[in-house]
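entry_10.cif (mmCIF, C-alpha atoms and all ligand atoms)
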```cif
data_input
#
loop_
_atom_site.label_atom_id
_atom_site.label_comp_id
_atom_site.auth_asym_id
_atom_site.auth_seq_id
_atom_site.Cartn_x
_atom_site.Cartn_y
_atom_site.Cartn_z
CA MET A 1 103.43 123.27 106.52
CA THR A 2 106.47 121.82 104.77
CA THR A 3 109.19 122.25 107.38
CA THR A 4 110.13 119.82 110.08
CA ARG A 5 113.08 119.86 112.44
CA THR A 6 115.86 117.78 111.03
CA PRO A 7 118.81 116.27 112.89
CA ALA A 8 121.91 118.50 112.85
CA THR A 9 123.71 115.96 110.63
CA SER A 10 121.31 116.61 107.75
CA GLY A 11 121.28 120.37 108.20
CA PRO A 12 118.82 122.82 109.66
CA GLY A 13 115.16 123.00 108.79
CA VAL A 14 114.40 126.11 106.75
CA ALA A 15 111.21 127.90 107.80
CA ARG A 16 109.84 130.59 105.48
CA THR A 17 106.69 131.56 107.40
CA PRO A 18 105.66 132.02 111.04
CA GLY A 19 103.57 128.83 110.77
CA GLU A 20 106.53 126.80 109.52
CA LEU A 21 108.64 128.31 112.25
CA ARG A 22 106.18 127.34 114.99
CA SER A 23 106.00 123.72 113.86
CA ALA A 24 109.80 123.58 113.47
CA LEU A 25 110.15 124.80 117.06
CA ALA A 26 107.66 122.43 118.71
CA GLY A 27 109.35 121.01 121.81
CA ALA A 28 112.42 123.18 121.25
CA GLY A 29 113.46 123.47 124.93
CA ARG A 30 115.82 126.33 125.75
CA LEU A 31 115.89 128.47 122.62
CA ALA A 32 118.56 130.86 121.29
CA LEU A 33 118.07 133.28 118.39
CA VAL A 34 120.85 134.75 116.24
CA PRO A 35 119.36 137.52 114.08
CA THR A 36 121.28 138.21 110.83
CA MET A 37 120.88 139.66 107.37
CA GLY A 38 122.63 136.66 105.81
CA ALA A 39 125.76 136.59 103.61
CA LEU A 40 127.16 134.84 106.64
CA HIS A 41 130.83 134.95 107.59
CA GLU A 42 133.08 134.00 110.51
CA GLY A 43 131.70 136.85 112.64
CA HIS A 44 128.19 135.43 112.38
CA ARG A 45 129.52 131.94 113.00
CA SER A 46 131.08 133.01 116.29
CA LEU A 47 127.60 134.15 117.38
CA MET A 48 126.15 130.77 116.39
CA ARG A 49 128.78 128.98 118.47
CA LEU A 50 127.92 131.09 121.52
CA ALA A 51 124.24 130.31 120.98
CA ARG A 52 124.95 126.59 120.49
CA ALA A 53 126.80 126.48 123.82
CA GLU A 54 123.87 128.04 125.70
CA ALA A 55 120.73 126.49 124.25
CA ASP A 56 119.01 123.26 123.24
CA THR A 57 117.79 124.74 119.99
CA VAL A 58 119.43 127.44 117.88
CA VAL A 59 117.50 129.54 115.36
CA VAL A 60 119.35 131.78 112.90
CA SER A 61 117.16 134.33 111.16
CA VAL A 62 118.21 135.52 107.71
CA PHE A 63 116.32 138.60 106.65
CA VAL A 64 117.54 141.71 104.84
CA ASN A 65 115.30 144.17 106.63
CA PRO A 66 114.16 146.99 104.32
CA LEU A 67 112.98 149.05 107.29
CA GLN A 68 116.55 149.70 108.45
CA PHE A 69 117.84 150.92 105.08
CA GLY A 70 117.48 154.57 104.07
CA PRO A 71 116.83 155.88 100.57
CA GLY A 72 119.94 155.49 98.41
CA GLU A 73 121.52 152.88 100.71
CA ASP A 74 122.57 149.41 99.56
CA LEU A 75 119.32 147.46 100.13
CA ASP A 76 119.13 146.27 96.51
CA ARG A 77 122.75 145.22 96.17
CA TYR A 78 123.16 143.80 99.70
CA PRO A 79 124.72 140.31 99.21
CA ARG A 80 122.24 137.44 99.42
CA ASP A 81 123.16 133.73 99.42
CA LEU A 82 120.60 131.61 101.26
CA PRO A 83 122.00 128.20 100.13
CA GLY A 84 125.48 129.23 101.33
CA ASP A 85 124.00 130.55 104.58
CA VAL A 86 122.13 127.28 105.22
CA ARG A 87 125.31 125.30 104.56
CA GLN A 88 127.25 127.39 107.10
CA CYS A 89 124.43 127.04 109.62
CA ALA A 90 124.56 123.26 109.14
CA GLU A 91 128.30 123.30 109.85
CA GLU A 92 127.62 125.14 113.12
CA GLY A 93 124.89 122.73 114.24
CA VAL A 94 122.07 125.26 113.87
CA ASP A 95 118.64 123.66 114.15
CA VAL A 96 116.39 126.07 112.25
CA VAL A 97 117.01 128.83 109.71
CA PHE A 98 114.14 131.31 109.63
CA ALA A 99 114.25 133.04 106.25
CA PRO A 100 111.02 134.94 105.67
CA ASP A 101 110.49 137.17 102.62
CA THR A 102 109.59 140.84 102.93
CA ALA A 103 105.87 140.28 102.36
CA THR A 104 105.85 137.75 105.21
CA MET A 105 107.55 140.11 107.66
CA TYR A 106 105.68 143.20 106.45
CA PRO A 107 102.32 142.07 105.01
CA ARG A 108 101.04 145.65 105.31
CA GLU A 109 102.59 149.04 105.98
CA GLN A 110 104.39 148.83 109.35
CA MET A 111 102.38 151.53 111.09
CA ILE A 112 103.53 150.71 114.64
CA THR A 113 107.28 150.82 115.19
CA VAL A 114 109.77 150.91 118.07
CA ASP A 115 111.15 154.41 118.66
CA ALA A 116 114.89 154.19 119.37
CA GLY A 117 114.86 157.40 121.44
CA THR A 118 117.71 159.87 121.66
CA MET A 119 120.33 157.10 121.77
CA GLY A 120 119.08 156.07 118.34
CA GLU A 121 119.75 159.53 116.93
CA ARG A 122 123.49 159.60 117.61
CA LEU A 123 126.41 158.29 115.52
CA GLU A 124 124.93 155.59 113.28
CA GLY A 125 121.48 157.07 113.85
CA ALA A 126 122.65 160.56 112.83
CA SER A 127 124.20 159.22 109.63
CA ARG A 128 121.31 156.86 108.90
CA PRO A 129 118.07 158.51 110.06
CA GLY A 130 115.44 155.94 111.00
CA HIS A 131 117.97 153.09 110.92
CA PHE A 132 117.57 152.06 114.54
CA THR A 133 113.79 152.30 114.48
CA GLY A 134 113.99 149.78 111.64
CA VAL A 135 116.44 147.60 113.57
CA LEU A 136 114.50 147.60 116.85
CA THR A 137 111.19 147.02 115.09
CA VAL A 138 112.43 143.93 113.26
CA VAL A 139 114.20 142.63 116.37
CA ALA A 140 110.98 143.01 118.38
CA LYS A 141 109.04 141.19 115.65
CA LEU A 142 111.62 138.39 115.56
CA PHE A 143 111.50 138.06 119.35
CA HIS A 144 107.72 137.65 119.19
CA LEU A 145 107.87 135.18 116.31
CA VAL A 146 110.70 133.01 117.68
CA ARG A 147 110.11 133.58 121.44
CA PRO A 148 113.75 132.88 122.34
CA ASP A 149 115.12 132.58 125.86
CA LEU A 150 118.26 134.37 124.72
CA ALA A 151 119.42 136.25 121.65
CA VAL A 152 123.02 136.75 120.55
CA PHE A 153 124.23 140.03 119.01
CA GLY A 154 127.73 141.08 117.96
CA GLU A 155 129.75 143.85 119.59
CA LYS A 156 130.73 144.76 116.01
CA ASP A 157 127.50 146.80 116.04
CA ALA A 158 128.11 148.32 119.45
CA GLN A 159 125.36 150.95 119.31
CA GLN A 160 122.89 148.38 118.04
CA ILE A 161 123.48 145.96 120.90
CA ALA A 162 123.29 148.83 123.42
CA LEU A 163 119.92 149.80 121.97
CA VAL A 164 118.66 146.20 121.91
CA ARG A 165 119.63 145.85 125.57
CA ARG A 166 117.83 149.08 126.38
CA MET A 167 114.72 148.01 124.43
CA THR A 168 114.50 144.68 126.25
CA ALA A 169 114.87 146.48 129.59
CA ASP A 170 112.47 149.34 128.83
CA LEU A 171 109.82 147.09 127.26
CA ASN A 172 110.29 144.21 129.76
CA LEU A 173 110.95 141.73 126.97
CA PRO A 174 111.69 138.28 128.46
CA VAL A 175 114.86 137.70 126.42
CA ARG A 176 118.45 137.61 127.71
CA ILE A 177 120.79 139.54 125.41
CA VAL A 178 124.21 137.97 124.96
CA GLY A 179 127.05 140.00 123.43
CA ALA A 180 129.65 138.32 121.21
CA PRO A 181 133.12 139.88 120.83
CA LEU A 182 133.92 141.61 117.55
CA LEU A 183 135.66 139.15 115.23
CA ARG A 184 138.40 140.40 112.87
CA ASP A 185 139.78 138.92 109.66
CA PRO A 186 143.48 137.98 109.81
CA ASP A 187 144.50 141.39 108.39
CA GLY A 188 142.66 143.19 111.22
CA LEU A 189 139.58 144.38 109.33
CA ALA A 190 136.33 143.70 111.21
CA ALA A 191 134.54 140.82 109.44
CA SER A 192 131.49 142.18 107.61
CA SER A 193 129.17 141.12 104.79
CA ARG A 194 129.92 144.52 103.22
CA ASN A 195 133.65 143.70 102.94
CA ALA A 196 132.65 141.78 99.80
CA TYR A 197 132.14 145.17 98.10
CA LEU A 198 135.80 146.19 98.60
CA SER A 199 138.48 145.97 95.91
CA ALA A 200 141.94 144.86 97.09
CA ARG A 201 143.15 148.48 97.17
CA GLU A 202 140.04 149.69 98.98
CA ARG A 203 140.56 146.98 101.56
CA GLU A 204 144.14 148.15 102.04
CA SER A 205 142.87 151.70 102.73
CA ALA A 206 140.12 150.37 104.99
CA LEU A 207 142.74 148.88 107.32
CA ALA A 208 143.23 152.43 108.59
CA LEU A 209 140.06 151.90 110.66
CA PRO A 210 141.44 149.16 112.93
CA ARG A 211 144.81 150.93 112.95
CA ALA A 212 143.17 154.15 114.16
CA LEU A 213 141.29 152.30 116.89
CA SER A 214 144.48 150.57 118.04
CA ALA A 215 146.30 153.91 118.13
CA GLY A 216 143.45 155.38 120.16
CA ARG A 217 143.45 152.54 122.61
CA ALA A 218 147.22 152.76 123.02
CA ALA A 219 146.72 156.35 124.27
CA ALA A 220 144.16 155.31 126.90
CA ASP A 221 146.41 156.07 129.86
CA ARG A 222 146.57 159.73 128.71
CA GLY A 223 142.80 160.25 128.80
CA PRO A 224 139.88 160.70 126.39
CA ASP A 225 141.26 163.67 124.43
CA ALA A 226 144.51 161.82 123.74
CA VAL A 227 142.56 158.76 122.59
CA ARG A 228 140.54 160.82 120.12
CA ALA A 229 143.62 162.69 118.87
CA ALA A 230 145.66 159.52 118.33
CA ALA A 231 142.88 157.84 116.37
CA ARG A 232 142.14 160.98 114.37
CA ALA A 233 145.81 161.36 113.34
CA VAL A 234 145.67 157.93 111.67
CA LEU A 235 142.37 158.74 109.96
CA ASP A 236 143.69 162.11 108.75
CA GLY A 237 146.53 160.24 107.06
CA ALA A 238 144.07 157.76 105.56
CA ALA A 239 142.04 160.64 104.09
CA ARG A 240 145.06 161.31 101.85
CA ALA A 241 145.56 157.63 100.89
CA ILE A 242 144.60 156.25 97.49
CA PRO A 243 141.81 155.34 97.53
CA PRO A 244 140.99 157.72 100.40
CA ILE A 245 138.98 157.09 103.54
CA ALA A 246 136.08 159.53 103.96
CA LEU A 247 135.46 159.77 107.70
CA ASP A 248 131.84 159.82 108.80
CA TYR A 249 132.40 159.95 112.56
CA LEU A 250 134.93 159.12 115.24
CA ALA A 251 133.55 159.14 118.77
CA LEU A 252 134.51 158.02 122.25
CA VAL A 253 131.27 157.19 124.03
CA ASP A 254 129.78 155.62 127.11
CA THR A 255 129.14 151.95 126.25
CA ALA A 256 125.60 151.92 127.64
CA THR A 257 124.22 155.33 126.65
CA PHE A 258 126.40 156.25 123.68
CA ASP A 259 126.86 159.74 125.12
CA GLU A 260 130.24 161.26 124.25
CA VAL A 261 132.51 160.93 127.31
CA GLY A 262 134.05 164.03 128.90
CA ALA A 263 137.77 164.83 129.24
CA ASP A 264 137.82 163.57 132.87
CA HIS A 265 136.06 160.27 132.18
CA THR A 266 137.72 157.16 133.58
CA GLY A 267 136.91 153.50 133.15
CA GLN A 268 135.43 151.83 130.12
CA ALA A 269 134.35 153.59 126.92
CA CYS A 270 133.71 152.65 123.31
CA LEU A 271 135.86 154.18 120.57
CA ALA A 272 133.68 153.96 117.46
CA VAL A 273 134.37 154.89 113.86
CA ALA A 274 132.43 154.94 110.60
CA ALA A 275 133.94 155.77 107.22
CA ARG A 276 133.38 155.33 103.54
CA VAL A 277 135.90 153.74 101.20
CA GLY A 278 134.71 154.16 97.63
CA SER A 279 131.00 153.42 97.84
CA THR A 280 131.32 151.09 100.84
CA ARG A 281 130.47 152.29 104.33
CA LEU A 282 132.28 150.50 107.15
CA ILE A 283 132.00 150.66 110.94
CA ASP A 284 134.36 149.43 113.64
CA ASN A 285 134.94 149.91 117.37
CA VAL A 286 137.08 148.90 120.32
CA THR A 287 136.58 149.05 124.04
CA VAL A 288 139.00 151.45 125.73
CA ARG A 289 139.83 151.49 129.43
CA LEU A 290 140.67 155.03 130.43
CA ALA A 291 143.35 155.94 132.91
CA ALA A 292 143.58 154.93 136.52
CA ALA A 293 140.09 153.56 136.88
CA ASP A 294 139.54 150.63 139.16
CA ILE A 295 136.78 148.92 137.21
CA GLY A 296 137.66 145.40 138.34
CA GLY A 297 137.38 142.16 136.33
CA THR A 298 136.97 141.84 132.59
CA PRO A 299 134.11 144.02 131.40
CA GLU A 300 131.48 142.49 129.16
CA GLY A 301 131.68 143.49 125.52
CA ASP A 302 135.43 143.82 125.18
CA SER A 303 135.93 143.89 121.45
CA SER A 304 139.68 143.84 121.42
P1 LIG B 401 124.30 141.54 110.15
O1 LIG B 401 124.06 140.32 109.31
O2 LIG B 401 125.37 142.43 109.63
O3 LIG B 401 123.03 142.25 110.49
O4 LIG B 401 124.87 141.00 111.54
C1 LIG B 401 124.14 140.07 112.29
C2 LIG B 401 124.77 139.94 113.65
O5 LIG B 401 126.13 139.53 113.50
C3 LIG B 401 124.82 141.28 114.42
O6 LIG B 401 124.53 141.03 115.79
C4 LIG B 401 126.24 141.74 114.21
O7 LIG B 401 126.71 142.58 115.25
C5 LIG B 401 126.97 140.41 114.21
N1 LIG B 401 128.25 140.53 113.53
C6 LIG B 401 128.48 140.93 112.26
N2 LIG B 401 129.81 140.99 112.01
C7 LIG B 401 130.42 140.64 113.17
C8 LIG B 401 131.79 140.54 113.58
N3 LIG B 401 132.79 140.82 112.75
N4 LIG B 401 132.04 140.17 114.85
C9 LIG B 401 131.04 139.89 115.72
N5 LIG B 401 129.74 139.98 115.39
C10 LIG B 401 129.43 140.35 114.14
#
```

Show me, as structure tokens, the structure contained in the file I just sent.
Ligand code: AMP
Amino acid sequence: MTTTRTPATSGPGVARTPGELRSALAGAGRLALVPTMGALHEGHRSLMRLARAEADTVVVSVFVNPLQFGPGEDLDRYPRDLPGDVRQCAEEGVDVVFAPDTATMYPREQMITVDAGTMGERLEGASRPGHFTGVLTVVAKLFHLVRPDLAVFGEKDAQQIALVRRMTADLNLPVRIVGAPLLRDPDGLAASSRNAYLSARERESALALPRALSAGRAAADRGPDAVRAAARAVLDGAARAIPPIALDYLALVDTATFDEVGADHTGQACLAVAARVGSTRLIDNVTVRLAAADIGGTPEGDSS
């Protein structure tokens, strides 16, 4: 047991095992968890700030979860920088960084997993079979290890947060899920650990993603088909750029169920895109408010 809670001024305690975590969290009070895979950036930091504002103690988990990567994906080359992550957590007043290794999280074959259901088979789940089972399983394990009162997830991964909300509801998990708005870099690209893979020219091409989403949203008063067509026109152009964008999916879906919305849908929907630039796969989304709906107030999860 080597880890103790340290005052925010001297940085967070780093717990590597469940035992270290438990002693670091003794007397923690109201507890917030921010689950991450590390290589932290401004997007993650915005989640930490939300957590800091809502809790006495903030835990950031840093774990590159093998269960959510498919064969041939970027598990081995995923960026890892624990010292840099701990420094950023210190700057955000995080109390504890939980950074277990794979053998600690998965000491044996993970026989029992969380089935993500049909919502987990669409969009990201269709492109990455088994991905959301891996995500929900590690999130459930982290909830049990940390026992947070609330957990903060980014709207950047819109389908993921919808599934985490559904899991906590369906399994009666006593954790409040807080959504953090999608944070963009100054050029408009959604902040992502995977942006580090992009060359300058690839990044230039990748900007077609936020441009397509903006074009889609600008067509919102003409209905769902117009939204899809406007976004697709931008992506079609980007498919001919150098380097080109290879579109994986573009979809306009219900924000809670991730079902594709029909041509007469009104109110809020999520316009989501995934594409490959070179060997890098990127995702992005915006919330769209479709014509003439009186939905009242500012909906949660606006990722404008
Ligand atoms: P990751 O490390 O990619 O697994 O992300 C950890 C958490 O940070 C997830 O809840 C993500 O949705 C969130 N996140 C990542 N990038 C962003 C961003 N650009 N804006 C808001 N949240 C983000």

Original post:
Hey, which residues come within 8 Å of ligand LIG 401 (chain B) if we count all atoms listed in the file? Could you give them as a PyMOL selection string?
Top reply: chain A and resi 34-44+46-47+62+64+152-158+160-161+180-185+190-193

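Put simply, atom CA of Asp76 of chain A is 14.0 Å away from atom CA of Asp101 of chain A.
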
Subject >> Residues within 9 Å of segment 225-230 of chain A, all atoms listed in the file, excluding chain neighbours under 2 positions, as a list in words >> reply: Ala212, Leu213, Ala215, Gly216, Arg217, Ala218, Ala219, Ala220, Asp221, Arg222, Gly223, Arg232, Ala233, Val234, Leu250, Ala251, Leu252, Gly262, Ala263, Leu271, Val288 and Leu290 of chain A

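Nearest residue to Ala140 of chain A among A:Ala15, A:Leu235, A:Met111, A:Met167 is A:Met167, counting only C-alpha atoms.
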
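Across the model, the gap from atom CA of Asp95 of chain A to atom CA of Val58 of chain A is 5.4 Å.
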
Original post:
Looking at all atoms listed in the file, which of A:Ala291, A:Leu142, A:Ala275, A:Met119 is the one that sits closest to Ser61 of chain A?
Top reply: A:Leu142

**OP:** Using only C-alpha atoms, determine which residues lie at most 12 Å from Ser127 of chain A, disregarding the query and same-chain residues fewer than 2 positions distant; provide the list as a VMD selection string.
**Re:** chain A and resid 69 to 70 73 120 to 125 129 to 132 247 to 249 273 to 276 281 283

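Across A:Gly11, A:Pro186, A:Gly19, A:Pro107, the tightest approach to Val94 of chain A is made by A:Gly11 when counting all atoms listed in the file.
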
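Considering the residues A:Pro148, A:Gly188, A:Pro244, A:Gly134 and counting all atoms listed in the file, Leu163 of chain A has its shortest atom-to-atom contact with A:Gly134.
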
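Here the question is which of A:Arg87, A:Arg165, A:Arg203, A:Arg45 gets nearest to Leu282 of chain A using all atoms listed in the file, and that residue is A:Arg203.
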
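Interatomic distance, atom CA of Leu75 of chain A against atom CA of Thr113 of chain A: 19.6 Å.
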
Original post:
Which one of A:Gly72, A:Gly27, A:Pro243, A:Pro100 sits closest to Asp56 of chain A if you count all atoms listed in the file?
Top reply: A:Gly27

Original post:
If we count only C-alpha atoms, what is near Pro12 of chain A at a cut-off of 12 Å, once residues fewer than 5 positions away on the same chain are taken out, given as a PyMOL selection string?
Top reply: chain A and resi 3-7+21+24-25+57-61+83+85-99

Export C-alpha atoms of the chosen residues as a PDB file, in the frame of the given file?
```pdb
ATOM      1  CA  THR A   3     109.190 122.250 107.380  1.00  0.00           C
ATOM      2  CA  THR A   4     110.130 119.820 110.080  1.00  0.00           C
ATOM      3  CA  ARG A   5     113.080 119.860 112.440  1.00  0.00           C
ATOM      4  CA  THR A   6     115.860 117.780 111.030  1.00  0.00           C
ATOM      5  CA  PRO A   7     118.810 116.270 112.890  1.00  0.00           C
ATOM      6  CA  LEU A  21     108.640 128.310 112.250  1.00  0.00           C
ATOM      7  CA  ALA A  24     109.800 123.580 113.470  1.00  0.00           C
ATOM      8  CA  LEU A  25     110.150 124.800 117.060  1.00  0.00           C
ATOM      9  CA  THR A  57     117.790 124.740 119.990  1.00  0.00           C
ATOM     10  CA  VAL A  58     119.430 127.440 117.880  1.00  0.00           C
ATOM     11  CA  VAL A  59     117.500 129.540 115.360  1.00  0.00           C
ATOM     12  CA  VAL A  60     119.350 131.780 112.900  1.00  0.00           C
ATOM     13  CA  SER A  61     117.160 134.330 111.160  1.00  0.00           C
ATOM     14  CA  PRO A  83     122.000 128.200 100.130  1.00  0.00           C
ATOM     15  CA  ASP A  85     124.000 130.550 104.580  1.00  0.00           C
ATOM     16  CA  VAL A  86     122.130 127.280 105.220  1.00  0.00           C
ATOM     17  CA  ARG A  87     125.310 125.300 104.560  1.00  0.00           C
ATOM     18  CA  GLN A  88     127.250 127.390 107.100  1.00  0.00           C
ATOM     19  CA  CYS A  89     124.430 127.040 109.620  1.00  0.00           C
ATOM     20  CA  ALA A  90     124.560 123.260 109.140  1.00  0.00           C
ATOM     21  CA  GLU A  91     128.300 123.300 109.850  1.00  0.00           C
ATOM     22  CA  GLU A  92     127.620 125.140 113.120  1.00  0.00           C
ATOM     23  CA  GLY A  93     124.890 122.730 114.240  1.00  0.00           C
ATOM     24  CA  VAL A  94     122.070 125.260 113.870  1.00  0.00           C
ATOM     25  CA  ASP A  95     118.640 123.660 114.150  1.00  0.00           C
ATOM     26  CA  VAL A  96     116.390 126.070 112.250  1.00  0.00           C
ATOM     27  CA  VAL A  97     117.010 128.830 109.710  1.00  0.00           C
ATOM     28  CA  PHE A  98     114.140 131.310 109.630  1.00  0.00           C
ATOM     29  CA  ALA A  99     114.250 133.040 106.250  1.00  0.00           C
TER      30      ALA A  99
END
```
